[in-house]
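For reference, final.cif is printed below; it contains mmCIF, C-alpha atoms.
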data_query
#
loop_
_atom_site.label_atom_id
_atom_site.label_comp_id
_atom_site.auth_asym_id
_atom_site.auth_seq_id
_atom_site.Cartn_x
_atom_site.Cartn_y
_atom_site.Cartn_z
CA MET Q 34 -60.80 11.30 -17.32
CA PHE Q 35 -61.93 8.08 -19.00
CA THR Q 36 -65.71 8.05 -19.46
CA LYS Q 37 -68.28 5.32 -20.07
CA ASP Q 38 -69.16 6.57 -23.53
CA ARG Q 39 -65.67 5.51 -24.67
CA VAL Q 40 -66.11 1.87 -23.62
CA ARG Q 41 -65.87 -0.61 -26.50
CA MET Q 42 -67.59 -3.98 -26.77
CA GLY Q 43 -66.23 -7.22 -28.08
CA ALA Q 44 -66.06 -10.97 -27.76
CA PHE Q 45 -63.39 -13.42 -26.64
CA LEU Q 46 -63.57 -16.73 -28.55
CA PRO Q 47 -61.37 -19.46 -27.00
CA PRO Q 48 -63.51 -20.93 -28.79
CA HIS Q 49 -65.57 -23.46 -26.83
CA HIS Q 50 -67.14 -26.26 -28.87
CA PRO Q 51 -68.47 -29.55 -27.44
CA ASN Q 52 -66.78 -32.71 -28.63
CA ASP Q 53 -69.93 -34.18 -30.20
CA GLU Q 54 -70.16 -31.37 -32.79
CA ASP Q 55 -68.64 -31.32 -36.27
CA PRO Q 56 -65.44 -29.22 -35.97
CA THR Q 57 -65.60 -27.92 -39.55
CA LEU Q 58 -69.06 -26.47 -39.01
CA ALA Q 59 -68.05 -25.16 -35.60
CA ILE Q 60 -65.20 -23.10 -37.05
CA GLN Q 61 -67.46 -21.77 -39.80
CA ARG Q 62 -69.93 -20.70 -37.14
CA ASP Q 63 -67.14 -18.80 -35.41
CA PHE Q 64 -66.59 -16.86 -38.63
CA GLU Q 65 -70.34 -16.20 -38.84
CA LEU Q 66 -70.28 -14.89 -35.27
CA VAL Q 67 -67.47 -12.43 -36.02
CA GLU Q 68 -69.40 -11.17 -39.06
CA HIS Q 69 -72.53 -10.83 -36.91
CA LEU Q 70 -70.61 -8.88 -34.28
CA GLU Q 71 -69.34 -6.43 -36.88
CA ARG Q 72 -72.85 -5.84 -38.21
CA LEU Q 73 -73.95 -4.99 -34.67
CA GLY Q 74 -71.11 -2.50 -34.23
CA TYR Q 75 -68.85 -4.54 -31.97
CA HIS Q 76 -65.31 -3.25 -31.92
CA GLU Q 77 -63.14 -6.30 -31.19
CA ALA Q 78 -62.95 -10.09 -31.40
CA TRP Q 79 -60.15 -12.13 -29.80
CA ILE Q 80 -59.36 -15.72 -30.78
CA GLY Q 81 -57.50 -18.24 -28.65
CA GLU Q 82 -54.71 -20.77 -29.18
CA HIS Q 83 -55.06 -24.30 -27.80
CA HIS Q 84 -53.66 -27.69 -28.76
CA SER Q 85 -55.36 -30.26 -26.53
CA GLY Q 86 -58.54 -31.08 -24.67
CA GLY Q 87 -60.70 -31.24 -27.78
CA PHE Q 88 -63.00 -28.37 -26.76
CA GLU Q 89 -60.99 -25.33 -27.85
CA ILE Q 90 -60.20 -26.21 -31.43
CA ILE Q 91 -58.31 -23.27 -32.93
CA ALA Q 92 -54.57 -24.00 -32.90
CA SER Q 93 -53.53 -20.85 -34.79
CA PRO Q 94 -55.34 -17.59 -34.07
CA GLU Q 95 -53.27 -16.00 -36.85
CA LEU Q 96 -54.86 -18.27 -39.47
CA PHE Q 97 -58.32 -17.49 -38.14
CA ILE Q 98 -57.62 -13.74 -38.06
CA ALA Q 99 -56.40 -13.78 -41.66
CA ALA Q 100 -59.58 -15.49 -42.84
CA ALA Q 101 -61.88 -13.38 -40.65
CA ALA Q 102 -60.27 -10.20 -41.94
CA GLU Q 103 -61.34 -11.14 -45.48
CA ARG Q 104 -64.93 -11.50 -44.29
CA THR Q 105 -65.05 -8.18 -42.38
CA LYS Q 106 -64.14 -4.54 -42.85
CA SER Q 107 -63.74 -2.76 -39.51
CA ILE Q 108 -63.74 -5.03 -36.45
CA MET Q 109 -60.35 -5.39 -34.74
CA LEU Q 110 -59.08 -8.98 -34.52
CA GLY Q 111 -56.74 -10.17 -31.80
CA SER Q 112 -54.96 -13.31 -30.65
CA GLY Q 113 -56.39 -14.28 -27.33
CA VAL Q 114 -53.69 -15.34 -26.75
CA VAL Q 115 -50.53 -16.54 -28.47
CA SER Q 116 -48.85 -18.74 -25.88
CA LEU Q 117 -45.35 -17.35 -26.23
CA PRO Q 118 -43.39 -20.23 -24.60
CA TYR Q 119 -44.59 -22.44 -27.48
CA HIS Q 120 -43.04 -20.30 -30.24
CA ASN Q 121 -39.84 -18.71 -31.43
CA PRO Q 122 -40.30 -14.94 -30.92
CA LEU Q 123 -39.00 -14.09 -34.40
CA MET Q 124 -41.75 -16.24 -35.92
CA VAL Q 125 -44.41 -14.54 -33.79
CA ALA Q 126 -43.15 -11.07 -34.73
CA ASP Q 127 -43.02 -11.95 -38.42
CA ARG Q 128 -46.52 -13.42 -38.48
CA PHE Q 129 -48.10 -10.43 -36.75
CA LEU Q 130 -46.31 -7.86 -38.87
CA GLN Q 131 -47.66 -9.70 -41.91
CA LEU Q 132 -51.15 -9.66 -40.37
CA ASP Q 133 -50.74 -5.97 -39.57
CA HIS Q 134 -50.28 -5.33 -43.30
CA GLN Q 135 -52.87 -7.87 -44.53
CA THR Q 136 -55.56 -6.43 -42.26
CA ARG Q 137 -54.41 -2.81 -42.75
CA GLY Q 138 -53.98 -2.33 -39.04
CA ARG Q 139 -56.79 -4.48 -37.63
CA ALA Q 140 -54.62 -7.19 -36.03
CA MET Q 141 -53.87 -7.15 -32.30
CA LEU Q 142 -51.27 -9.31 -30.57
CA GLY Q 143 -52.47 -10.77 -27.30
CA VAL Q 144 -49.87 -12.82 -25.43
CA GLY Q 145 -49.77 -15.14 -22.45
CA PRO Q 146 -47.78 -17.96 -20.88
CA GLY Q 147 -50.18 -20.71 -21.98
CA GLN Q 148 -53.22 -21.89 -20.03
CA LEU Q 149 -53.55 -25.61 -20.63
CA GLN Q 150 -50.94 -27.76 -18.94
CA SER Q 151 -51.80 -30.50 -21.42
CA ASP Q 152 -50.44 -28.22 -24.16
CA ALA Q 153 -47.24 -27.40 -22.30
CA ARG Q 154 -46.56 -31.03 -21.39
CA MET Q 155 -46.76 -32.13 -25.03
CA LEU Q 156 -43.99 -29.63 -25.71
CA GLY Q 157 -41.94 -30.67 -22.68
CA ILE Q 158 -42.33 -27.25 -21.04
CA ASP Q 159 -42.20 -27.04 -17.24
CA ALA Q 160 -45.03 -24.95 -15.76
CA THR Q 161 -42.57 -23.07 -13.53
CA THR Q 162 -40.80 -21.65 -16.58
CA GLN Q 163 -43.80 -20.44 -18.56
CA ARG Q 164 -44.22 -16.92 -17.17
CA ASP Q 165 -40.50 -16.15 -17.36
CA ARG Q 166 -40.39 -17.44 -20.93
CA MET Q 167 -43.36 -15.26 -21.83
CA VAL Q 168 -41.54 -12.18 -20.55
CA GLU Q 169 -38.31 -13.12 -22.33
CA SER Q 170 -40.11 -13.73 -25.62
CA LEU Q 171 -42.30 -10.62 -25.51
CA GLU Q 172 -39.36 -8.31 -24.87
CA ILE Q 173 -37.65 -9.72 -27.96
CA ILE Q 174 -40.82 -9.31 -30.04
CA LEU Q 175 -41.14 -5.67 -29.00
CA ARG Q 176 -37.53 -5.05 -30.05
CA LEU Q 177 -38.20 -6.69 -33.43
CA PHE Q 178 -41.35 -4.60 -33.88
CA ALA Q 179 -39.17 -1.53 -33.26
CA GLY Q 180 -36.86 -2.51 -36.12
CA GLU Q 181 -33.94 -3.73 -34.02
CA THR Q 182 -31.57 -6.51 -34.98
CA VAL Q 183 -31.56 -9.01 -32.13
CA THR Q 184 -28.94 -11.52 -31.05
CA HIS Q 185 -30.11 -13.59 -28.10
CA GLU Q 186 -29.14 -16.91 -26.56
CA SER Q 187 -30.94 -18.74 -23.76
CA ASP Q 188 -31.88 -22.29 -22.84
CA TRP Q 189 -34.76 -22.22 -25.34
CA ILE Q 190 -34.20 -19.30 -27.74
CA THR Q 191 -31.33 -18.83 -30.18
CA LEU Q 192 -31.34 -15.75 -32.41
CA ARG Q 193 -28.34 -14.49 -34.36
CA GLY Q 194 -28.74 -11.11 -36.00
CA ALA Q 195 -32.50 -11.64 -36.19
CA HIS Q 196 -34.64 -8.97 -37.83
CA THR Q 197 -37.96 -8.69 -39.66
CA ASN Q 198 -38.48 -7.88 -43.32
CA LEU Q 199 -41.47 -5.65 -42.68
CA LYS Q 200 -41.88 -2.49 -40.72
CA PRO Q 201 -45.21 -2.22 -38.88
CA TYR Q 202 -48.19 -0.99 -40.87
CA THR Q 203 -49.57 0.40 -37.58
CA TRP Q 204 -47.35 3.04 -36.03
CA PRO Q 205 -45.39 2.53 -33.91
CA ARG Q 206 -46.45 -1.14 -33.70
CA PRO Q 207 -49.56 -3.33 -33.72
CA PRO Q 208 -51.60 -3.15 -30.49
CA VAL Q 209 -50.21 -5.56 -27.88
CA ALA Q 210 -52.01 -6.85 -24.78
CA VAL Q 211 -50.85 -9.16 -21.99
CA ALA Q 212 -53.02 -11.80 -20.33
CA SER Q 213 -53.74 -11.10 -16.69
CA ALA Q 214 -55.60 -13.26 -14.17
CA VAL Q 215 -54.71 -13.52 -10.49
CA THR Q 216 -50.94 -13.11 -10.31
CA PRO Q 217 -49.37 -9.66 -10.84
CA SER Q 218 -46.90 -10.84 -13.50
CA GLY Q 219 -49.03 -9.75 -16.45
CA ALA Q 220 -49.74 -6.38 -14.85
CA LYS Q 221 -46.05 -5.72 -14.25
CA LEU Q 222 -45.18 -6.61 -17.83
CA ALA Q 223 -47.95 -4.42 -19.23
CA GLY Q 224 -46.86 -1.50 -17.06
CA ARG Q 225 -43.17 -1.86 -17.92
CA HIS Q 226 -43.82 -1.63 -21.65
CA GLY Q 227 -47.05 0.37 -21.75
CA LEU Q 228 -49.15 -2.51 -23.11
CA GLY Q 229 -52.81 -3.40 -22.77
CA MET Q 230 -54.16 -5.88 -20.22
CA LEU Q 231 -56.48 -8.77 -21.06
CA CYS Q 232 -58.20 -9.82 -17.83
CA LEU Q 233 -59.20 -13.28 -19.00
CA ALA Q 234 -60.75 -14.45 -15.73
CA ALA Q 235 -62.39 -11.24 -14.51
CA SER Q 236 -65.51 -13.13 -13.38
CA VAL Q 237 -63.59 -15.69 -11.30
CA PHE Q 238 -63.82 -14.60 -7.67
CA ALA Q 239 -60.09 -14.64 -6.97
CA ALA Q 240 -59.33 -12.69 -10.14
CA TYR Q 241 -62.17 -10.21 -9.56
CA ASP Q 242 -60.84 -9.52 -6.07
CA VAL Q 243 -57.51 -8.33 -7.50
CA LEU Q 244 -58.74 -6.52 -10.63
CA ASP Q 245 -58.14 -3.13 -9.06
CA VAL Q 246 -54.94 -4.31 -7.36
CA ASN Q 247 -53.38 -5.57 -10.59
CA TRP Q 248 -54.44 -2.47 -12.50
CA GLY Q 249 -52.83 -0.39 -9.76
CA ILE Q 250 -49.64 -2.47 -10.05
CA ALA Q 251 -49.62 -1.86 -13.82
CA CYS Q 252 -50.07 1.88 -13.31
CA ASP Q 253 -47.35 2.04 -10.64
CA THR Q 254 -44.93 0.01 -12.76
CA ALA Q 255 -45.63 2.23 -15.76
CA ALA Q 256 -44.90 5.34 -13.68
CA GLU Q 257 -41.58 3.85 -12.59
CA HIS Q 258 -40.64 3.56 -16.27
CA GLY Q 259 -41.82 7.04 -17.21
CA ARG Q 260 -45.08 5.80 -18.74
CA SER Q 261 -48.76 5.99 -17.96
CA MET Q 262 -51.46 3.36 -18.41
CA ASP Q 263 -54.60 4.19 -20.38
CA PRO Q 264 -57.88 2.63 -19.10
CA ALA Q 265 -58.82 2.25 -22.77
CA ASP Q 266 -56.31 -0.61 -22.86
CA LEU Q 267 -57.91 -2.50 -19.94
CA ARG Q 268 -60.12 -5.32 -21.23
CA LEU Q 269 -62.39 -7.53 -19.12
CA VAL Q 270 -63.56 -10.99 -20.23
CA VAL Q 271 -66.90 -12.02 -18.67
CA PRO Q 272 -69.39 -14.82 -19.51
CA MET Q 273 -72.81 -13.43 -20.36
CA HIS Q 274 -76.01 -14.68 -21.95
CA LEU Q 275 -78.98 -12.36 -22.37
CA ALA Q 276 -82.62 -12.90 -23.20
CA GLU Q 277 -85.85 -10.94 -22.74
CA THR Q 278 -86.40 -12.57 -19.34
CA ARG Q 279 -84.19 -14.27 -16.79
CA GLU Q 280 -86.24 -17.44 -17.10
CA GLN Q 281 -85.66 -17.53 -20.85
CA ALA Q 282 -81.94 -16.89 -20.45
CA TRP Q 283 -81.55 -19.82 -18.04
CA ALA Q 284 -83.65 -22.02 -20.34
CA ASN Q 285 -81.42 -21.09 -23.29
CA ILE Q 286 -78.16 -22.12 -21.64
CA GLN Q 287 -79.42 -25.60 -20.83
CA PHE Q 288 -78.46 -26.35 -24.45
CA GLY Q 289 -74.71 -26.26 -23.88
CA PHE Q 290 -73.82 -25.38 -20.32
CA LYS Q 291 -73.36 -28.93 -19.01
CA PRO Q 292 -70.75 -29.97 -21.63
CA TRP Q 293 -68.96 -26.66 -21.05
CA GLU Q 294 -69.00 -27.21 -17.28
CA ASP Q 295 -67.64 -30.75 -17.68
CA TYR Q 296 -64.80 -29.38 -19.79
CA SER Q 297 -64.06 -26.60 -17.32
CA PHE Q 298 -63.62 -29.13 -14.54
CA SER Q 299 -61.31 -31.13 -16.79
CA VAL Q 300 -59.09 -28.03 -16.96
CA ASN Q 301 -59.35 -27.27 -13.25
CA PRO Q 302 -60.83 -30.15 -11.20
CA LYS Q 303 -61.12 -28.04 -8.04
CA THR Q 304 -62.99 -24.96 -9.26
CA GLY Q 305 -63.64 -25.25 -12.99
CA LEU Q 306 -63.30 -22.13 -15.13
CA LEU Q 307 -65.76 -20.08 -13.07
CA GLY Q 308 -64.17 -20.59 -9.67
CA LEU Q 309 -65.76 -21.71 -6.42
CA GLY Q 310 -69.55 -21.48 -6.45
CA GLY Q 311 -69.97 -22.02 -10.17
CA ILE Q 312 -72.37 -20.19 -12.46
CA GLU Q 313 -75.12 -19.69 -9.88
CA GLU Q 314 -72.80 -17.90 -7.46
CA ALA Q 315 -71.15 -15.89 -10.24
CA VAL Q 316 -74.54 -14.67 -11.45
CA LYS Q 317 -75.82 -14.04 -7.92
CA THR Q 318 -72.84 -11.83 -7.11
CA GLY Q 319 -73.04 -10.01 -10.43
CA LEU Q 320 -69.70 -11.22 -11.80
CA ALA Q 321 -71.39 -13.00 -14.70
CA VAL Q 322 -74.82 -12.68 -16.29
CA VAL Q 323 -77.52 -15.12 -17.29
CA GLY Q 324 -80.42 -12.75 -17.47
CA THR Q 325 -81.75 -9.55 -19.02
CA PRO Q 326 -80.18 -6.38 -20.41
CA ASP Q 327 -80.84 -4.67 -17.08
CA ASP Q 328 -78.83 -7.40 -15.34
CA ALA Q 329 -76.00 -6.77 -17.81
CA VAL Q 330 -76.04 -3.02 -17.10
CA ALA Q 331 -75.74 -3.74 -13.38
CA CYS Q 332 -72.82 -6.09 -14.11
CA LEU Q 333 -70.97 -3.44 -16.11
CA GLU Q 334 -71.54 -0.89 -13.37
CA LYS Q 335 -70.06 -3.32 -10.84
CA TYR Q 336 -66.91 -3.80 -12.90
CA TRP Q 337 -66.65 -0.06 -13.54
CA ALA Q 338 -66.75 0.65 -9.82
CA LYS Q 339 -64.20 -2.09 -9.13
CA THR Q 340 -61.65 -0.97 -11.72
CA GLY Q 341 -62.29 2.76 -11.81
CA GLY Q 342 -62.90 2.48 -15.55
CA PHE Q 343 -62.13 -0.01 -18.32
CA GLY Q 344 -61.81 0.27 -22.07
CA CYS Q 345 -63.47 -2.83 -23.49
CA PHE Q 346 -65.99 -5.37 -22.22
CA LEU Q 347 -65.48 -8.76 -23.88
CA HIS Q 348 -68.15 -11.47 -23.83
CA LEU Q 349 -66.66 -14.88 -23.20
CA ALA Q 350 -68.00 -16.93 -26.15
CA THR Q 351 -69.09 -20.06 -24.31
CA ASN Q 352 -71.64 -21.50 -26.77
CA TRP Q 353 -73.95 -22.22 -23.84
CA ALA Q 354 -77.03 -21.45 -25.95
CA PRO Q 355 -78.15 -22.40 -29.48
CA PHE Q 356 -76.60 -20.18 -32.14
CA ALA Q 357 -79.78 -18.17 -32.84
CA GLN Q 358 -80.19 -17.34 -29.15
CA THR Q 359 -76.45 -16.60 -28.88
CA LYS Q 360 -76.67 -14.07 -31.70
CA ARG Q 361 -79.76 -12.57 -30.09
CA SER Q 362 -77.84 -12.18 -26.81
CA TYR Q 363 -75.13 -10.14 -28.54
CA GLU Q 364 -77.83 -8.06 -30.23
CA LEU Q 365 -79.57 -7.31 -26.92
CA PHE Q 366 -76.27 -6.18 -25.45
CA ALA Q 367 -75.55 -3.83 -28.35
CA ARG Q 368 -79.13 -2.57 -28.65
CA TYR Q 369 -80.01 -2.01 -24.99
CA VAL Q 370 -77.09 -2.52 -22.60
CA MET Q 371 -74.37 -0.27 -23.99
CA PRO Q 372 -76.69 2.69 -24.70
CA LYS Q 373 -77.94 2.64 -21.10
CA PHE Q 374 -74.52 2.06 -19.54
CA ALA Q 375 -72.87 4.78 -21.65
CA ASP Q 376 -75.87 7.15 -21.29
CA ARG Q 377 -76.06 7.53 -25.07
CA ASN Q 378 -79.72 8.49 -25.13
CA SER Q 379 -79.77 11.28 -22.54
CA GLN Q 380 -80.31 14.01 -25.14
CA ARG Q 381 -83.06 12.00 -26.84
CA VAL Q 382 -84.80 11.51 -23.48
CA ALA Q 383 -84.46 15.21 -22.66
CA SER Q 384 -85.86 16.13 -26.07
CA LEU Q 385 -88.90 13.89 -25.61
CA ASP Q 386 -89.45 15.20 -22.05
CA ARG Q 387 -89.41 18.77 -23.33
CA MET Q 388 -91.95 17.86 -25.99
CA LYS Q 389 -94.27 16.27 -23.40
CA GLN Q 390 -94.00 19.23 -21.05
CA ASN Q 391 -94.99 21.69 -23.78
CA ARG Q 392 -97.35 19.53 -25.80
CA ASP Q 393 -100.58 21.38 -24.89
CA GLU Q 394 -99.18 24.82 -25.73
CA TRP Q 395 -97.34 23.68 -28.87
CA SER Q 396 -100.28 21.57 -30.08
CA GLU Q 397 -102.66 24.50 -29.69
CA SER Q 398 -100.20 26.77 -31.49
CA TYR Q 399 -99.98 24.30 -34.38
CA ARG Q 400 -103.77 23.92 -34.50
CA ALA Q 401 -104.27 27.67 -34.53
CA ALA Q 402 -101.68 28.12 -37.29
CA SER Q 403 -103.33 25.40 -39.35
CA GLN Q 404 -106.75 27.00 -38.90
CA ALA Q 405 -105.37 30.38 -39.89
CA ALA Q 406 -103.93 28.88 -43.07
CA ILE Q 407 -107.27 27.30 -43.90
CA ASP Q 408 -109.16 30.55 -43.24
CA LYS Q 409 -106.70 32.51 -45.39
CA HIS Q 410 -107.14 30.07 -48.26
CA PHE Q 411 -110.92 30.28 -48.28
CA GLN Q 412 -110.94 34.04 -47.84
CA GLY Q 413 -108.75 34.41 -50.92
CA ALA Q 414 -110.87 31.95 -52.89
CA MET Q 415 -114.18 33.84 -52.37
CA PRO Q 416 -115.27 35.96 -55.40
CA PRO Q 417 -115.38 39.72 -54.83
CA LYS Q 418 -118.79 41.17 -53.98
CA LYS Q 419 -120.64 43.03 -56.79
CA GLU Q 420 -121.62 46.62 -56.15
CA ALA Q 421 -125.34 47.31 -56.03
#

Structure rendered as structure tokens:
Amino acid sequence: MFTKDRVRMGAFLPPHHPNDEDPTLAIQRDFELVEHLERLGYHEAWIGEHHSGGFEIIASPELFIAAAAERTKSIMLGSGVVSLPYHNPLMVADRFLQLDHQTRGRAMLGVGPGQLQSDARMLGIDATTQRDRMVESLEIILRLFAGETVTHESDWITLRGAHTNLKPYTWPRPPVAVASAVTPSGAKLAGRHGLGMLCLAASVFAAYDVLDVNWGIACDTAAEHGRSMDPADLRLVVPMHLAETREQAWANIQFGFKPWEDYSFSVNPKTGLLGLGGIEEAVKTGLAVVGTPDDAVACLEKYWAKTGGFGCFLHLATNWAPFAQTKRSYELFARYVMPKFADRNSQRVASLDRMKQNRDEWSESYRAASQAAIDKHFQGAMPPKKEA
């Protein structure tokens, strides 16, 4: 049975940076954030791939991962995600096997069909082909990771005796996760190959409604192929900003929420990136958090009940708040939310309770022992009495 004390914490960096900010400094701040997360004990950071819109400015998660790996020692670093229809699968396999070696096993391959239609249109890719191309590409990549020589011909991929130079550093292959939102396509693919699931829109109402459904589809598909899905490989991406009070949290996000909201409606003019109802409704229903550590614990409990257990909770790095308050939010989560959610302090609490319950008896025992030691000292120090 998968238990709460096994849940990992991480961040998902698209990244989001407003268009009035210096992009060089913004990328450096992303590196600083990953270093900060590692110091706090976060387990994972995922970095996105985007090519248009101006807000999400990392075009190559592999480049970012390589640089971040040199600045860190333990945190796992994933592509969130490589948009497979944009790339030749041999190139993707080669790059991630190299990263697998460079990072000594800390690189994770997250894949998806591509989110921004503005990206796909620049490449002349029809939206109706993207999911099928993702499946086609990923199945080739998995064969290459396994050391196969691949010959493949389709309307967009040509490989003739393709193979990689490197075997995986991580056995049997680097961790692989598939993007999943509302449709079951990602869940089916994850189940067929025993891969992880990245639920990128867990806080969007439509996606939240089918979290358990899609996980069930993944598990059923895995069973059909003689596999089983591990809840440790189920990751949820949720926007969250924490402060000591709800009022302070809402005040903090006034810094950057409006530009982020404007961008989200540029991506999806009907619902934005949070779905119908926006941030207020998402927070009210507990699907996102702008509030206190206690609010975050309640949010995690809600997702746990919905999914039956998940392996990693990923903060969506929105840059709603100033950087100092953003770092403080991650610290509050690590310091107060995860210990309470995972019940890490139960033995400490029990130990303190036992001390309180016995304090009168034990304090008196200690006082008496101390007095006895004092009496013994002075009795031994007294000179012997002279005989008359």

Measure the distance from CA of Val330 in chain Q to CA of Cys345 in chain Q in Å and round it to one decimal. 14.1 Å

Nearby residues (only C-alpha atoms) at most 7 Å from range 355-363 of chain Q, same-chain spacing under 2 positions excluded, as a ChimeraX atom specification: /Q:274-276,288,365-367

Take the point (-71.0, -11.7, -36.6) in the file's coordinates, draw a sphere of radius 12 Å around it, and report as a ChimeraX atom specification every protein, DNA or RNA residue with an atom inside or on it, counting all atoms listed in the file. /Q:43-44,61-78,101,104-108,356-357,359-364

Take the PyMOL selection byres ((chain Q and resi 153) around 12), run it mentally on this structure, and tell me the resulting residues as a list of chain:residue names.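 This file gives the following for the PyMOL selection byres ((chain Q and resi 153) around 12): Q:His83, Q:His84, Q:Ser85, Q:Ser116, Q:Leu117, Q:Pro118, Q:Tyr119, Q:His120, Q:Pro146, Q:Gly147, Q:Gln148, Q:Leu149, Q:Gln150, Q:Ser151, Q:Asp152, Q:Arg154, Q:Met155, Q:Leu156, Q:Gly157, Q:Ile158, Q:Asp159, Q:Ala160, Q:Thr161, Q:Thr162, Q:Gln163.
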
I need the residue nearest Ala220 in chain Q from this list: Q:Thr197, Q:Thr254, Q:Thr203, Q:Asn52. Use all atoms listed in the file for the distance.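 Among the listed residues, Q:Thr254 lies closest to Ala220 in chain Q.
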
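Using only C-alpha atoms for every distance, the candidate list Q:Gln380, Q:Thr182, Q:Thr325, Q:Ser299 yields Q:Thr325 as the residue closest to Glu277 in chain Q.
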
Two-atom distance - CA of Gly311 in chain Q, CA of Val271 in chain Q (Å): 13.5 Å

Going by the chain IDs and residue numbers used in this file, which residues fall under the PyMOL selection byres ((chain Q and resi 179) around 10)? Write them as a VMD selection string. chain Q and resid 173 to 178 180 to 182 196 to 197 200 to 201 204 to 206

Could you tell me, as a ChimeraX atom specification, which residues have any atom at most 12 Å from (-68.3, -24.4, -24.5), counting only C-alpha atoms? /Q:46-54,59,86-90,272,286-298,306,349-355

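Applied to this file, the PyMOL selection byres ((chain Q and resi 227) around 10) selects the residues Val209, Ala210, Lys221, Leu222, Ala223, Gly224, Arg225, His226, Leu228, Gly229, Met230, Ala251, Cys252, Thr254, Ala255, Ala256, His258, Gly259, Arg260, Ser261, Met262, Asp263 and Asp266 of chain Q.
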
Between Q:Lys37, Q:Ile190, Q:Cys332, Q:Val144, which has the minimum distance to Glu82 in chain Q (counting all atoms listed in the file)? Q:Val144

Fewer than 3 positions away in the same chain doesn't count, so skip those; otherwise give me all residues within 12 Å of Asp38 in chain Q, counting only C-alpha atoms, as a PDB file with C-alpha atoms, keeping the file's coordinate frame.
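Saved the output as out00.pdb:
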ATOM      1  CA  MET Q  34     -60.800  11.300 -17.320  1.00  0.00           C
ATOM      2  CA  PHE Q  35     -61.930   8.080 -19.000  1.00  0.00           C
ATOM      3  CA  ARG Q  41     -65.870  -0.610 -26.500  1.00  0.00           C
ATOM      4  CA  MET Q  42     -67.590  -3.980 -26.770  1.00  0.00           C
ATOM      5  CA  ALA Q 265     -58.820   2.250 -22.770  1.00  0.00           C
ATOM      6  CA  GLY Q 342     -62.900   2.480 -15.550  1.00  0.00           C
ATOM      7  CA  PHE Q 343     -62.130  -0.010 -18.320  1.00  0.00           C
ATOM      8  CA  GLY Q 344     -61.810   0.270 -22.070  1.00  0.00           C
ATOM      9  CA  CYS Q 345     -63.470  -2.830 -23.490  1.00  0.00           C
ATOM     10  CA  MET Q 371     -74.370  -0.270 -23.990  1.00  0.00           C
ATOM     11  CA  PRO Q 372     -76.690   2.690 -24.700  1.00  0.00           C
ATOM     12  CA  LYS Q 373     -77.940   2.640 -21.100  1.00  0.00           C
ATOM     13  CA  PHE Q 374     -74.520   2.060 -19.540  1.00  0.00           C
ATOM     14  CA  ALA Q 375     -72.870   4.780 -21.650  1.00  0.00           C
ATOM     15  CA  ASP Q 376     -75.870   7.150 -21.290  1.00  0.00           C
ATOM     16  CA  ARG Q 377     -76.060   7.530 -25.070  1.00  0.00           C
ATOM     17  CA  ASN Q 378     -79.720   8.490 -25.130  1.00  0.00           C
ATOM     18  CA  SER Q 379     -79.770  11.280 -22.540  1.00  0.00           C
TER      19      SER Q 379
END

Which one is closest to Met273 in chain Q: Q:Ala321, Q:Val370, Q:Leu123, Q:Cys232? Count only C-alpha atoms. Q:Ala321

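Among the candidates Q:Ser112, Q:Ser170, Q:Gln390, Q:Gln404, the residue lying nearest to Ala140 in chain Q is Q:Ser112 (atoms considered: all atoms listed in the file).
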
Q:Ala235, Q:Met124, Q:Val168, Q:Val40: which is nearest Val270 in chain Q, counting all atoms listed in the file?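 Once distances to Val270 in chain Q are computed over all atoms listed in the file, the minimum belongs to Q:Ala235.
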